$ cat coords36.txt   # compact mmCIF, C-alpha atoms
# COMPACT_ATOMS: atom_id res chain seq x y z
CA MET A 1 -173.13 6.51 28.20
CA ASP A 2 -176.22 8.66 28.42
CA SER A 3 -179.05 6.89 26.62
CA ASP A 4 -180.69 10.09 25.33
CA ASP A 5 -177.44 11.07 23.77
CA LEU A 6 -177.21 7.62 22.14
CA ALA A 7 -180.73 7.99 20.70
CA LEU A 8 -179.72 11.32 19.15
CA ARG A 9 -176.49 9.98 17.73
CA PHE A 10 -178.30 6.94 16.36
CA ALA A 11 -180.92 9.10 14.66
CA ALA A 12 -178.16 11.27 13.22
CA GLY A 13 -176.43 8.22 11.72
CA ASN A 14 -173.34 8.42 13.91
CA PRO A 15 -171.09 5.50 12.86
CA GLY A 16 -170.55 4.06 16.35
CA ALA A 17 -174.14 4.40 17.50
CA LEU A 18 -175.45 1.16 16.00
CA GLU A 19 -172.83 -0.89 17.83
CA GLU A 20 -173.82 0.74 21.13
CA VAL A 21 -177.49 0.17 20.41
CA TYR A 22 -176.67 -3.47 19.67
CA ALA A 23 -174.66 -3.79 22.88
CA ALA A 24 -177.55 -2.38 24.91
CA HIS A 25 -180.44 -4.20 23.22
CA GLY A 26 -178.98 -7.18 21.32
CA ARG A 27 -179.81 -9.66 24.05
CA LEU A 28 -183.43 -8.57 24.35
CA VAL A 29 -184.01 -8.54 20.59
CA PHE A 30 -182.40 -11.97 20.20
CA SER A 31 -184.38 -13.37 23.15
CA LEU A 32 -187.66 -12.10 21.71
CA CYS A 33 -186.82 -13.68 18.35
CA LEU A 34 -185.83 -16.98 19.95
CA THR A 35 -188.96 -17.07 22.10
CA ALA A 36 -191.23 -16.44 19.14
CA LEU A 37 -189.47 -18.49 16.48
CA ARG A 38 -188.11 -21.31 18.68
CA HIS A 39 -185.34 -21.91 16.21
CA ARG A 40 -181.81 -20.68 16.76
CA GLN A 41 -180.81 -20.04 13.18
CA ASP A 42 -184.10 -18.30 12.41
CA ALA A 43 -183.70 -16.20 15.56
CA GLU A 44 -180.19 -15.16 14.50
CA ASP A 45 -181.41 -14.21 11.03
CA ALA A 46 -184.33 -12.30 12.49
CA ALA A 47 -182.20 -10.44 15.05
CA GLN A 48 -179.78 -9.46 12.31
CA GLN A 49 -182.66 -8.16 10.19
CA VAL A 50 -183.99 -6.15 13.13
CA PHE A 51 -180.74 -4.22 13.49
CA THR A 52 -180.12 -3.74 9.78
CA ARG A 53 -183.73 -2.63 9.31
CA ALA A 54 -183.43 -0.30 12.32
CA TRP A 55 -180.27 1.23 10.90
CA ARG A 56 -181.78 1.72 7.46
CA SER A 57 -184.91 3.32 8.83
CA ARG A 58 -183.11 5.43 11.44
CA GLU A 59 -184.37 8.59 9.77
CA SER A 60 -187.90 7.66 10.80
CA PHE A 61 -186.81 7.18 14.41
CA ASP A 62 -187.90 9.86 16.85
CA PRO A 63 -185.03 10.34 19.33
CA SER A 64 -187.42 11.45 22.07
CA TYR A 65 -188.76 7.90 22.02
CA PRO A 66 -186.84 5.07 23.76
CA VAL A 67 -184.62 3.14 21.31
CA GLY A 68 -185.38 -0.19 23.02
CA ALA A 69 -189.14 0.20 22.67
CA TRP A 70 -188.75 1.19 19.02
CA LEU A 71 -186.58 -1.88 18.39
CA THR A 72 -189.21 -4.10 20.02
CA GLY A 73 -191.74 -2.79 17.50
CA ILE A 74 -189.40 -3.64 14.62
CA THR A 75 -188.72 -7.04 16.20
CA ARG A 76 -192.43 -7.81 16.24
CA ARG A 77 -192.74 -6.98 12.54
CA VAL A 78 -189.67 -9.04 11.57
CA ILE A 79 -191.00 -12.00 13.59
CA ALA A 80 -194.40 -11.66 11.93
CA ASP A 81 -192.69 -11.75 8.52
CA HIS A 82 -190.77 -14.89 9.48
CA LEU A 83 -193.87 -16.64 10.77
CA ASP A 84 -195.78 -15.63 7.63
CA ARG A 85 -193.08 -17.05 5.40
CA ARG A 86 -192.92 -20.21 7.47
CA ARG A 87 -196.69 -20.58 7.26
CA ARG A 88 -196.69 -20.12 3.51
CA GLN A 89 -193.93 -22.68 3.07
CA GLN A 90 -195.77 -25.10 5.27
CA GLN A 91 -199.01 -24.53 3.41
CA ALA A 92 -197.30 -25.12 0.13
CA ALA A 93 -195.75 -28.31 1.45
CA GLU A 94 -198.83 -29.71 3.08
CA ALA A 95 -201.84 -27.86 1.80
CA GLU A 96 -204.28 -30.20 3.43
CA VAL A 97 -203.10 -29.77 6.97
CA ALA A 98 -202.46 -26.03 6.72
CA GLU A 99 -205.04 -25.13 9.29
CA TRP A 100 -203.52 -26.70 12.37
CA SER A 101 -200.19 -25.04 11.77
CA ARG A 102 -201.76 -21.64 12.19
CA ALA A 103 -203.17 -22.49 15.62
CA ASP A 104 -199.97 -24.23 16.61
CA GLN A 105 -197.74 -21.28 15.77
CA PRO A 106 -196.00 -19.77 18.78
CA VAL A 107 -196.92 -16.14 19.35
CA LEU A 108 -195.28 -13.30 21.14
CA SER A 109 -197.82 -12.18 23.71
CA ASP A 110 -197.62 -8.76 25.37
CA ALA A 111 -196.99 -10.49 28.70
CA VAL A 112 -193.96 -12.33 27.29
CA VAL A 113 -192.56 -9.16 25.73
CA ASP A 114 -192.95 -7.33 29.07
CA ARG A 115 -191.37 -10.18 31.00
CA LEU A 116 -188.30 -10.34 28.77
CA THR A 117 -187.99 -6.56 28.63
CA VAL A 118 -188.17 -6.20 32.40
CA THR A 119 -185.84 -9.14 33.09
CA ASP A 120 -183.30 -7.65 30.71
CA ALA A 121 -183.64 -4.17 32.21
CA LEU A 122 -183.41 -5.54 35.76
CA ASP A 123 -179.94 -6.90 35.03
CA LEU A 124 -178.82 -3.51 33.81
CA LEU A 125 -180.22 -1.83 36.90
CA GLY A 126 -177.47 -3.35 39.00
CA PRO A 127 -177.24 -3.77 42.78
CA PRO A 128 -178.86 -3.23 45.13
CA ALA A 129 -182.01 -2.22 43.20
CA ASP A 130 -182.18 -5.44 41.14
CA GLU A 131 -181.95 -7.59 44.27
CA ILE A 132 -184.50 -5.46 46.14
CA LEU A 133 -187.08 -5.62 43.33
CA LYS A 134 -186.65 -9.39 43.04
CA LEU A 135 -187.11 -9.88 46.78
CA VAL A 136 -190.15 -7.61 46.95
CA TYR A 137 -192.02 -8.73 43.84
CA THR A 138 -190.65 -12.11 42.76
CA GLU A 139 -190.15 -13.52 46.28
CA ASP A 140 -193.05 -11.50 47.67
CA LEU A 141 -191.22 -10.40 50.84
CA PRO A 142 -192.40 -7.39 52.88
CA HIS A 143 -190.17 -4.28 52.73
CA ARG A 144 -189.27 -4.73 56.39
CA GLU A 145 -187.89 -8.21 55.80
CA VAL A 146 -185.94 -7.09 52.72
CA ALA A 147 -184.45 -4.26 54.79
CA GLU A 148 -183.32 -6.71 57.49
CA ARG A 149 -181.81 -9.12 55.02
CA LEU A 150 -179.83 -6.44 53.21
CA GLY A 151 -179.02 -4.51 56.36
CA MET A 152 -180.47 -1.19 55.27
CA PRO A 153 -183.25 1.08 56.54
CA VAL A 154 -186.81 0.40 55.34
CA GLY A 155 -186.92 3.90 53.86
CA THR A 156 -183.95 3.06 51.62
CA VAL A 157 -185.65 -0.11 50.39
CA LYS A 158 -188.77 1.90 49.62
CA SER A 159 -186.92 4.53 47.64
CA HIS A 160 -185.03 1.85 45.68
CA VAL A 161 -188.40 0.26 44.85
CA HIS A 162 -189.76 3.58 43.56
CA ARG A 163 -186.68 4.54 41.58
CA GLY A 164 -186.12 1.01 40.28
CA LEU A 165 -189.69 0.67 39.03
CA ALA A 166 -189.42 4.08 37.39
CA ARG A 167 -186.27 2.99 35.52
CA LEU A 168 -187.89 -0.27 34.40
CA ARG A 169 -191.01 1.58 33.30
CA GLU A 170 -188.93 3.66 30.88
CA ARG A 171 -187.90 0.49 29.09
CA LEU A 172 -191.42 -0.81 28.47
CA GLU A 173 -192.64 -1.16 24.94
CA VAL A 174 -195.07 1.66 24.18
CA ARG A 175 -198.48 0.33 23.25
CA ASP A 176 -201.60 2.05 22.06
CA VAL A 177 -204.41 1.51 24.52
CA MET B 178 -203.61 5.62 52.79
CA SER B 179 -205.96 7.37 50.37
CA GLU B 180 -208.26 8.87 52.99
CA GLN B 181 -207.11 12.48 52.70
CA TYR B 182 -206.77 12.38 48.97
CA SER B 183 -208.89 14.64 46.78
CA PRO B 184 -209.77 13.44 43.24
CA SER B 185 -208.80 16.76 41.69
CA GLU B 186 -205.10 16.27 42.52
CA HIS B 187 -202.63 14.00 40.78
CA LEU B 188 -201.79 10.81 42.59
CA THR B 189 -198.79 10.64 44.90
CA GLU B 190 -195.96 8.24 44.18
CA ASP B 191 -197.05 6.01 47.06
CA LEU B 192 -200.62 5.90 45.88
CA VAL B 193 -199.55 5.00 42.36
CA LEU B 194 -197.48 2.14 43.73
CA GLU B 195 -200.35 0.92 45.89
CA LEU B 196 -202.79 0.90 42.98
CA ALA B 197 -200.26 -0.70 40.63
CA GLU B 198 -199.55 -3.44 43.16
CA GLN B 199 -203.28 -4.11 43.34
CA GLN B 200 -203.66 -4.09 39.59
CA SER B 201 -200.81 -6.56 39.12
CA GLY B 202 -202.14 -8.90 41.79
CA HIS B 203 -199.18 -8.32 44.11
CA ARG B 204 -201.52 -6.83 46.69
CA SER B 205 -205.17 -7.73 47.13
CA ALA B 206 -207.40 -5.15 45.50
CA SER B 207 -210.17 -3.26 47.19
CA ALA B 208 -212.19 -3.17 43.95
CA ASP B 209 -213.79 0.01 45.20
CA SER B 210 -214.24 2.31 42.20
CA THR B 211 -215.66 5.12 44.32
CA THR B 212 -212.49 6.04 46.20
CA PRO B 213 -211.10 9.48 45.33
CA ALA B 214 -208.03 7.85 43.78
CA ALA B 215 -210.13 5.56 41.58
CA ARG B 216 -212.24 8.53 40.47
CA HIS B 217 -209.14 10.52 39.65
CA LEU B 218 -207.78 7.66 37.52
CA GLN B 219 -210.94 7.67 35.45
CA GLN B 220 -210.34 11.26 34.40
CA CYS B 221 -206.55 11.62 34.34
CA ASP B 222 -204.71 9.97 31.47
CA SER B 223 -201.23 10.60 32.81
CA CYS B 224 -201.93 9.08 36.25
CA TYR B 225 -203.76 6.22 34.54
CA ALA B 226 -200.74 5.49 32.37
CA TRP B 227 -198.41 5.84 35.36
CA VAL B 228 -200.36 3.23 37.32
CA SER B 229 -200.84 0.81 34.46
CA ASP B 230 -197.19 0.96 33.34
CA THR B 231 -196.04 0.38 36.90
CA ALA B 232 -198.45 -2.55 37.11
CA ARG B 233 -196.98 -3.98 33.89
CA VAL B 234 -193.49 -3.86 35.40
CA ILE B 235 -194.64 -5.50 38.63
CA SER B 236 -196.57 -8.20 36.74
CA ALA B 237 -193.46 -8.96 34.73
CA LEU B 238 -191.42 -9.29 37.93
CA ARG B 239 -193.87 -11.64 39.59
CA PRO B 240 -193.42 -15.39 39.20
CA ALA B 241 -195.56 -16.91 36.44
CA THR B 242 -198.79 -18.35 37.75
CA SER B 243 -201.01 -21.00 36.26
CA ASP B 244 -203.50 -18.32 35.17
CA ASP B 245 -201.30 -16.85 32.51
CA ASP B 246 -199.86 -18.25 29.35
CA LEU B 247 -196.29 -17.79 30.50
CA VAL B 248 -196.19 -21.26 31.99
CA GLU B 249 -196.37 -22.79 28.56
CA GLU B 250 -194.27 -20.20 26.80
CA THR B 251 -190.64 -20.21 27.66
CA ALA B 252 -189.52 -16.64 28.10
CA ASP B 253 -185.88 -16.79 29.05
CA LEU B 254 -183.20 -14.34 28.13
CA ALA B 255 -180.63 -15.78 25.78
CA ASP B 256 -177.37 -14.16 24.75
CA PRO B 257 -177.00 -13.76 21.01
CA PRO B 258 -174.16 -15.75 19.42
CA PRO B 259 -170.83 -13.88 19.54
CA GLY B 260 -170.65 -13.56 15.76
CA LEU B 261 -173.98 -11.81 15.30
CA TRP B 262 -172.62 -8.30 15.64
CA ALA B 263 -170.03 -8.99 12.94
CA VAL B 264 -172.79 -9.98 10.50
CA ILE B 265 -174.76 -6.82 11.31
CA ALA B 266 -171.59 -4.74 11.06
CA ALA B 267 -170.83 -6.21 7.63
CA GLU B 268 -174.39 -5.66 6.53
CA THR B 269 -174.45 -2.00 7.50
CA ALA B 270 -170.76 -1.32 6.86
CA GLN B 271 -171.17 1.05 3.96
CA THR B 272 -173.56 3.46 5.61
CA ARG B 273 -171.95 3.31 9.02
CA THR B 274 -168.54 4.26 7.78
CA GLU B 275 -169.32 6.42 4.79
CA THR B 276 -168.42 9.57 6.67
CA GLN B 277 -164.98 8.16 7.48
CA GLN B 278 -163.88 5.81 4.74
CA PRO B 279 -164.72 5.01 1.17
CA PRO B 280 -167.58 2.50 1.03
CA ALA B 281 -166.71 -1.16 1.33
CA PRO B 282 -167.37 -2.98 -1.92
CA VAL B 283 -169.48 -5.61 -0.17
CA THR B 284 -172.54 -3.39 0.03
CA ASP B 285 -171.78 -1.41 -3.07
CA LEU B 286 -173.89 -3.51 -5.40
CA ALA B 287 -176.89 -1.21 -5.43
CA THR B 288 -174.89 1.42 -7.23
CA ARG B 289 -173.63 -1.02 -9.83
CA ARG B 290 -176.85 -2.26 -11.28
CA GLY B 291 -175.40 -2.39 -14.74
CA SER B 292 -172.59 -4.72 -13.89
CA ARG B 293 -174.89 -6.79 -11.70
CA ARG B 294 -177.13 -7.40 -14.65
CA THR B 295 -174.19 -8.61 -16.69
CA TRP B 296 -173.21 -10.89 -13.86
CA LEU B 297 -176.72 -12.25 -13.86
CA TRP B 298 -176.09 -13.32 -17.42
CA VAL B 299 -173.00 -15.18 -16.33
CA GLY B 300 -175.14 -16.83 -13.68
CA GLY B 301 -177.62 -17.84 -16.32
CA ALA B 302 -174.80 -19.39 -18.24
CA ALA B 303 -173.73 -21.39 -15.22
CA ALA B 304 -177.23 -22.72 -14.82
CA ALA B 305 -177.44 -23.58 -18.48
CA GLY B 306 -175.17 -26.50 -17.86
CA LEU B 307 -172.27 -28.49 -19.07
CA ALA B 308 -172.71 -28.84 -22.80
CA VAL B 309 -173.44 -25.27 -23.81
CA GLY B 310 -171.62 -23.61 -20.94
CA ALA B 311 -168.34 -22.74 -22.57
CA ALA B 312 -169.79 -21.51 -25.84
CA LEU B 313 -172.40 -19.43 -24.08
CA ALA B 314 -169.88 -17.85 -21.76
CA THR B 315 -167.76 -16.84 -24.70
CA ALA B 316 -170.74 -15.34 -26.43
CA VAL B 317 -172.06 -13.54 -23.39
CA LEU B 318 -168.78 -12.14 -22.26
CA GLY B 319 -167.87 -11.26 -25.79
CA GLN B 320 -164.44 -12.81 -25.51
CA PRO B 321 -162.61 -14.10 -28.54
CA LYS B 322 -162.51 -17.82 -28.84
CA ILE B 323 -159.06 -19.12 -28.08
CA PRO B 324 -158.07 -21.44 -30.87
CA GLY B 325 -156.67 -24.85 -29.99
CA GLU B 326 -155.74 -24.93 -26.35
CA PRO B 327 -158.90 -24.77 -24.17
CA GLU B 328 -157.67 -22.39 -21.52
CA PRO B 329 -160.06 -21.49 -18.75
CA LEU B 330 -161.69 -18.12 -19.23
CA LEU B 331 -161.79 -15.54 -16.51
CA ALA B 332 -165.52 -15.13 -15.88
CA GLY B 333 -165.46 -12.79 -12.92
CA GLU B 334 -163.41 -11.39 -10.12
CA ALA B 335 -163.95 -9.99 -6.65
CA GLN B 336 -161.84 -7.76 -4.47
CA LEU B 337 -162.34 -8.83 -0.88
CA ALA B 338 -162.37 -5.90 1.51
CA PRO B 339 -161.80 -6.27 5.25
CA VAL B 340 -164.95 -6.68 7.34
CA SER B 341 -164.21 -7.80 10.87
CA GLN B 342 -160.42 -7.84 10.68
CA ALA B 343 -159.00 -4.53 9.56
CA ASP B 344 -155.95 -5.80 7.67
CA PHE B 345 -157.48 -8.90 6.11
CA THR B 346 -157.82 -8.61 2.34
CA GLY B 347 -158.01 -10.95 -0.56
CA GLU B 348 -159.18 -11.47 -4.08
CA ALA B 349 -161.15 -14.11 -5.89
CA GLU B 350 -161.25 -15.07 -9.54
CA MET B 351 -163.84 -17.25 -11.19
CA PHE B 352 -162.80 -19.28 -14.21
CA ARG B 353 -164.90 -21.09 -16.73
CA HIS B 354 -163.28 -24.21 -18.12
CA ALA B 355 -163.76 -25.74 -21.56
CA ASP B 356 -166.12 -28.37 -20.17
CA GLY B 357 -168.36 -25.66 -18.69
CA GLN B 358 -167.12 -26.23 -15.15
CA LEU B 359 -166.66 -23.11 -12.99
CA THR B 360 -163.88 -22.83 -10.44
CA LEU B 361 -163.19 -20.11 -7.92
CA THR B 362 -159.63 -19.30 -6.94
CA VAL B 363 -159.28 -17.24 -3.80
CA GLN B 364 -156.12 -15.60 -2.57
CA VAL B 365 -156.01 -14.30 0.97
CA ALA B 366 -153.39 -12.35 2.86
CA GLU B 367 -152.99 -14.99 5.55
CA VAL B 368 -154.52 -18.12 7.02
CA PRO B 369 -154.94 -18.73 10.76
CA ALA B 370 -152.65 -21.05 12.68
CA PRO B 371 -154.23 -24.52 12.83
CA GLU B 372 -155.12 -24.15 16.52
CA ASP B 373 -157.04 -20.95 15.74
CA GLY B 374 -159.46 -22.60 13.36
CA TYR B 375 -159.71 -22.26 9.60
CA LEU B 376 -161.15 -20.13 6.83
CA GLU B 377 -164.25 -21.02 4.86
CA LEU B 378 -165.23 -19.72 1.46
CA TRP B 379 -168.85 -18.81 0.73
CA LEU B 380 -170.98 -17.37 -2.01
CA ARG B 381 -173.89 -15.45 -0.58
CA ASP B 382 -176.50 -12.80 -1.24
CA GLU B 383 -176.06 -9.22 -0.10
CA GLN B 384 -178.10 -9.74 3.06
CA ALA B 385 -176.09 -12.83 4.00
CA SER B 386 -179.42 -14.58 4.42
CA ARG B 387 -178.60 -17.19 1.77
CA LEU B 388 -175.18 -18.80 1.74
CA ILE B 389 -173.51 -21.69 0.00
CA SER B 390 -170.26 -23.02 1.36
CA LEU B 391 -167.64 -23.75 -1.28
CA GLY B 392 -165.21 -25.33 1.15
CA THR B 393 -162.32 -24.60 3.42
CA VAL B 394 -159.38 -22.34 2.72
CA THR B 395 -156.21 -23.56 4.39
CA THR B 396 -153.57 -22.07 2.12
CA THR B 397 -153.21 -18.51 0.88
CA SER B 398 -154.24 -19.63 -2.60
CA THR B 399 -157.05 -22.13 -2.90
CA THR B 400 -159.15 -23.25 -5.86
CA VAL B 401 -162.57 -24.79 -5.39
CA THR B 402 -165.22 -26.02 -7.81
CA VAL B 403 -168.46 -24.07 -8.06
CA PRO B 404 -171.42 -26.48 -8.10
CA GLN B 405 -173.12 -26.85 -11.49
CA GLY B 406 -176.63 -25.52 -11.56
CA MET B 407 -176.03 -22.88 -8.95
CA ASP B 408 -177.72 -19.59 -9.84
CA LEU B 409 -174.85 -17.19 -9.29
CA SER B 410 -177.07 -14.14 -9.60
CA GLU B 411 -178.60 -15.13 -6.28
CA TYR B 412 -175.18 -15.38 -4.64
CA PRO B 413 -173.25 -12.37 -5.91
CA VAL B 414 -170.95 -11.87 -2.91
CA VAL B 415 -167.76 -13.76 -2.09
CA ASP B 416 -167.27 -14.13 1.64
CA VAL B 417 -164.36 -15.55 3.64
CA SER B 418 -165.26 -16.46 7.20
CA HIS B 419 -163.24 -17.49 10.22
CA GLU B 420 -164.47 -20.84 11.55
CA HIS B 421 -163.59 -22.95 14.53
CA TYR B 422 -163.50 -26.71 14.89
CA ASP B 423 -166.85 -26.75 16.66
CA GLY B 424 -168.71 -29.14 14.38
CA ASP B 425 -171.19 -26.43 13.45
CA PRO B 426 -171.47 -26.33 9.64
CA SER B 427 -173.10 -22.90 9.49
CA HIS B 428 -171.34 -19.57 8.95
CA SER B 429 -169.70 -18.44 12.19
CA GLY B 430 -170.89 -14.90 11.61
CA VAL B 431 -167.30 -13.68 11.53
CA THR B 432 -166.64 -12.50 8.00
CA LEU B 433 -163.00 -11.53 7.63
CA ALA B 434 -163.38 -10.11 4.14
CA ALA B 435 -166.01 -9.98 1.46
CA GLY B 436 -166.70 -8.40 -1.89
CA PRO B 437 -169.07 -8.51 -4.84
CA MET B 438 -168.20 -10.67 -7.82
CA GLU B 439 -167.82 -8.51 -10.89
CA PRO B 440 -167.91 -9.87 -14.42
CA ALA B 441 -164.48 -9.95 -16.03
CA ASP B 442 -163.60 -7.08 -18.34
CA SER B 443 -164.18 -8.18 -21.85
$ encode --input "coords36.txt" --output "structure tokens"
Amino acid sequence: MDSDDLALRFAAGNPGALEEVYAAHGRLVFSLCLTALRHRQDAEDAAQQVFTRAWRSRESFDPSYPVGAWLTGITRRVIADHLDRRRRQQQAAEAEVAEWSRADQPVLSDAVVDRLTVTDALDLLGPPADEILKLVYTEDLPHREVAERLGMPVGTVKSHVHRGLARLRERLEVRDV
Amino acid sequence: MSEQYSPSEHLTEDLVLELAEQQSGHRSASADSTTPAARHLQQCDSCYAWVSDTARVISALRPATSDDDLVEETADLADPPPGLWAVIAAETAQTRTETQQPPAPVTDLATRRGSRRTWLWVGGAAAAGLAVGAALATAVLGQPKIPGEPEPLLAGEAQLAPVSQADFTGEAEMFRHADGQLTLTVQVAEVPAPEDGYLELWLRDEQASRLISLGTVTTTSTTVTVPQGMDLSEYPVVDVSHEHYDGDPSHSGVTLAAGPMEPADS
């Protein structure tokens, strides 16, 4: 399924589009929630809210923008709401020790969001690009050695690196700099 | 590599990769800000973004080092539970299918504010407790007092529309007894074979973020007691879920049918 087409159908409120968006991004959204909230039930609630909120605000979604990156933005806001609520409950329960809980609260750093986003996208990239990118950047092997291992010309490895990185780049959350 | 490069031209793909690998720490950096490529980056937003986005991808691919906070933060992918989609589907059912089918009653509450308010009154009556319960219900619902025999009054009913199983329907009726006790009788089209798990009956809010389990449903007609003191206005939806014998007391996420409780016609 062409992802641009999915973005358009989603924005137009096509009935099947939400399920496809969930199939493509459910794992990343849930993983972000679990990483930030460290609580399975809370993460399930949050992930559910992300998709219902996304569906309800689909009219504000710009289909020229990647759906995944937009969902990550919503995920951050839902997580912030959860942490806020948790903080307020904790403060109400133990007003005197409220301060430490703030510092102790897990956060979703940009580096963590990027790592989860890229790991998720790498899986979807499929062979041999996923394997090549892992060998080059995670295992830190020179292109020549990767080429020997996989039995392909160095030029092919290089072009997989370029194309693979380009595909992963498209999935990154858009941030204001 | 960058020797022949002029700062007025956009960077080549190879040069972008080289700079991004330096920026991410994959390749040792020259730290020379006077090279033509570095000068071009200072004035070209699109090449700058191209390099920095590529560097973000490469950083994310590299193993976590002790310099960054990733060592302490676990950042592993985790598959969502299998029932999560069903909850989202139920939650968005009305708007997703409105072009194809009439809206499912489960999300129809917003358009029935009037009846919801009445139901809230019934909820208030439930919270009011044992002694005044029956009298209050009669007054609120405007039903004639039945002389003599204290028959339970029908306080509300719900039509349960299919959610994750197309042909699964049911209905629920809430009765108020003379002693103020509320019971909920649910009738479903079928129950699963014992090896396929069991059904569980819930009262919940529209978002399915707050749920109270009323017990298991193992026959096609089951009556359960609604806890005294429960504020029914906060749990206006009747939900029948499919559960497995997994020891997990929470909702499986698979709602077979659900519908809003409506106050009984007076």
$ residues_around --input "coords36.txt" --residues "region 183-199 of chain B" --least-positions-apart "4" --cutoff "10 Å" --atoms "all atoms listed in the file" --output "PyMOL selection string"
(chain A and resi 137+158+161-162+165) or (chain B and resi 178-179+203-208+212-221+223-225+227-236)
$ write_last_selection --input "coords36.txt" --atoms "C-alpha atoms" --output "compact mmCIF listing (two decimals), in the frame of the given file"
# COMPACT_ATOMS: atom_id res chain seq x y z
CA TYR A 137 -192.02 -8.73 43.84
CA LYS A 158 -188.77 1.90 49.62
CA VAL A 161 -188.40 0.26 44.85
CA HIS A 162 -189.76 3.58 43.56
CA LEU A 165 -189.69 0.67 39.03
CA MET B 178 -203.61 5.62 52.79
CA SER B 179 -205.96 7.37 50.37
CA HIS B 203 -199.18 -8.32 44.11
CA ARG B 204 -201.52 -6.83 46.69
CA SER B 205 -205.17 -7.73 47.13
CA ALA B 206 -207.40 -5.15 45.50
CA SER B 207 -210.17 -3.26 47.19
CA ALA B 208 -212.19 -3.17 43.95
CA THR B 212 -212.49 6.04 46.20
CA PRO B 213 -211.10 9.48 45.33
CA ALA B 214 -208.03 7.85 43.78
CA ALA B 215 -210.13 5.56 41.58
CA ARG B 216 -212.24 8.53 40.47
CA HIS B 217 -209.14 10.52 39.65
CA LEU B 218 -207.78 7.66 37.52
CA GLN B 219 -210.94 7.67 35.45
CA GLN B 220 -210.34 11.26 34.40
CA CYS B 221 -206.55 11.62 34.34
CA SER B 223 -201.23 10.60 32.81
CA CYS B 224 -201.93 9.08 36.25
CA TYR B 225 -203.76 6.22 34.54
CA TRP B 227 -198.41 5.84 35.36
CA VAL B 228 -200.36 3.23 37.32
CA SER B 229 -200.84 0.81 34.46
CA ASP B 230 -197.19 0.96 33.34
CA THR B 231 -196.04 0.38 36.90
CA ALA B 232 -198.45 -2.55 37.11
CA ARG B 233 -196.98 -3.98 33.89
CA VAL B 234 -193.49 -3.86 35.40
CA ILE B 235 -194.64 -5.50 38.63
CA SER B 236 -196.57 -8.20 36.74
$ residues_around --input "coords36.txt" --residues "Gly333 (chain B)" --least-positions-apart "3" --cutoff "6 Å" --atoms "all atoms listed in the file" --output "list of chain:residue names"
B:Glu350, B:Met351, B:Glu439, B:Pro440, B:Ala441
$ interface_residues --input "coords36.txt" --of "chain B" --to "chain A" --cutoff "7 Å" --atoms "only C-alpha atoms" --output "mmCIF file with C-alpha atoms, in the frame of the given file"
data_model
loop_
_atom_site.group_PDB
_atom_site.id
_atom_site.type_symbol
_atom_site.label_atom_id
_atom_site.label_comp_id
_atom_site.auth_asym_id
_atom_site.auth_seq_id
_atom_site.Cartn_x
_atom_site.Cartn_y
_atom_site.Cartn_z
ATOM 1 C CA ASP B 230 -197.190 0.960 33.340
ATOM 2 C CA THR B 231 -196.040 0.380 36.900
ATOM 3 C CA VAL B 234 -193.490 -3.860 35.400
ATOM 4 C CA ILE B 235 -194.640 -5.500 38.630
ATOM 5 C CA ALA B 237 -193.460 -8.960 34.730
ATOM 6 C CA LEU B 238 -191.420 -9.290 37.930
ATOM 7 C CA ARG B 239 -193.870 -11.640 39.590
ATOM 8 C CA PRO B 240 -193.420 -15.390 39.200
ATOM 9 C CA LEU B 247 -196.290 -17.790 30.500
ATOM 10 C CA THR B 251 -190.640 -20.210 27.660
ATOM 11 C CA ALA B 252 -189.520 -16.640 28.100
ATOM 12 C CA ASP B 253 -185.880 -16.790 29.050
ATOM 13 C CA LEU B 254 -183.200 -14.340 28.130
ATOM 14 C CA ALA B 255 -180.630 -15.780 25.780
ATOM 15 C CA ASP B 256 -177.370 -14.160 24.750
ATOM 16 C CA PRO B 257 -177.000 -13.760 21.010
ATOM 17 C CA LEU B 261 -173.980 -11.810 15.300
ATOM 18 C CA ILE B 265 -174.760 -6.820 11.310
ATOM 19 C CA GLU B 268 -174.390 -5.660 6.530
ATOM 20 C CA THR B 269 -174.450 -2.000 7.500
ATOM 21 C CA ARG B 273 -171.950 3.310 9.020
ATOM 22 C CA THR B 274 -168.540 4.260 7.780
ATOM 23 C CA SER B 386 -179.420 -14.580 4.420
#
$ atom_distance --input "coords36.txt" --atom1 "CA of Asp382 (chain B)" --atom2 "CA of Ala370 (chain B)"
28.8 Å
$ atom_distance --input "coords36.txt" --atom1 "CA of Leu361 (chain B)" --atom2 "CA of Trp262 (chain B)"
28.0 Å
$ residues_near_point --input "coords36.txt" --point "(-187.3, 10.8, 15.7)" --cutoff "12 Å" --atoms "all atoms listed in the file" --output "ChimeraX atom specification"
/A:4,7-13,57-67,70
$ residues_around --input "coords36.txt" --residues "region 414-424 of chain B" --least-positions-apart "2" --cutoff "9 Å" --atoms "only C-alpha atoms" --output "MDAnalysis selection string"
chainID B and resid 283 335:337 347 349 365 369 372:383 385 394 411:412 426 428:438
$ atom_distance --input "coords36.txt" --atom1 "CA of Leu391 (chain B)" --atom2 "CA of Ala263 (chain B)"
20.6 Å
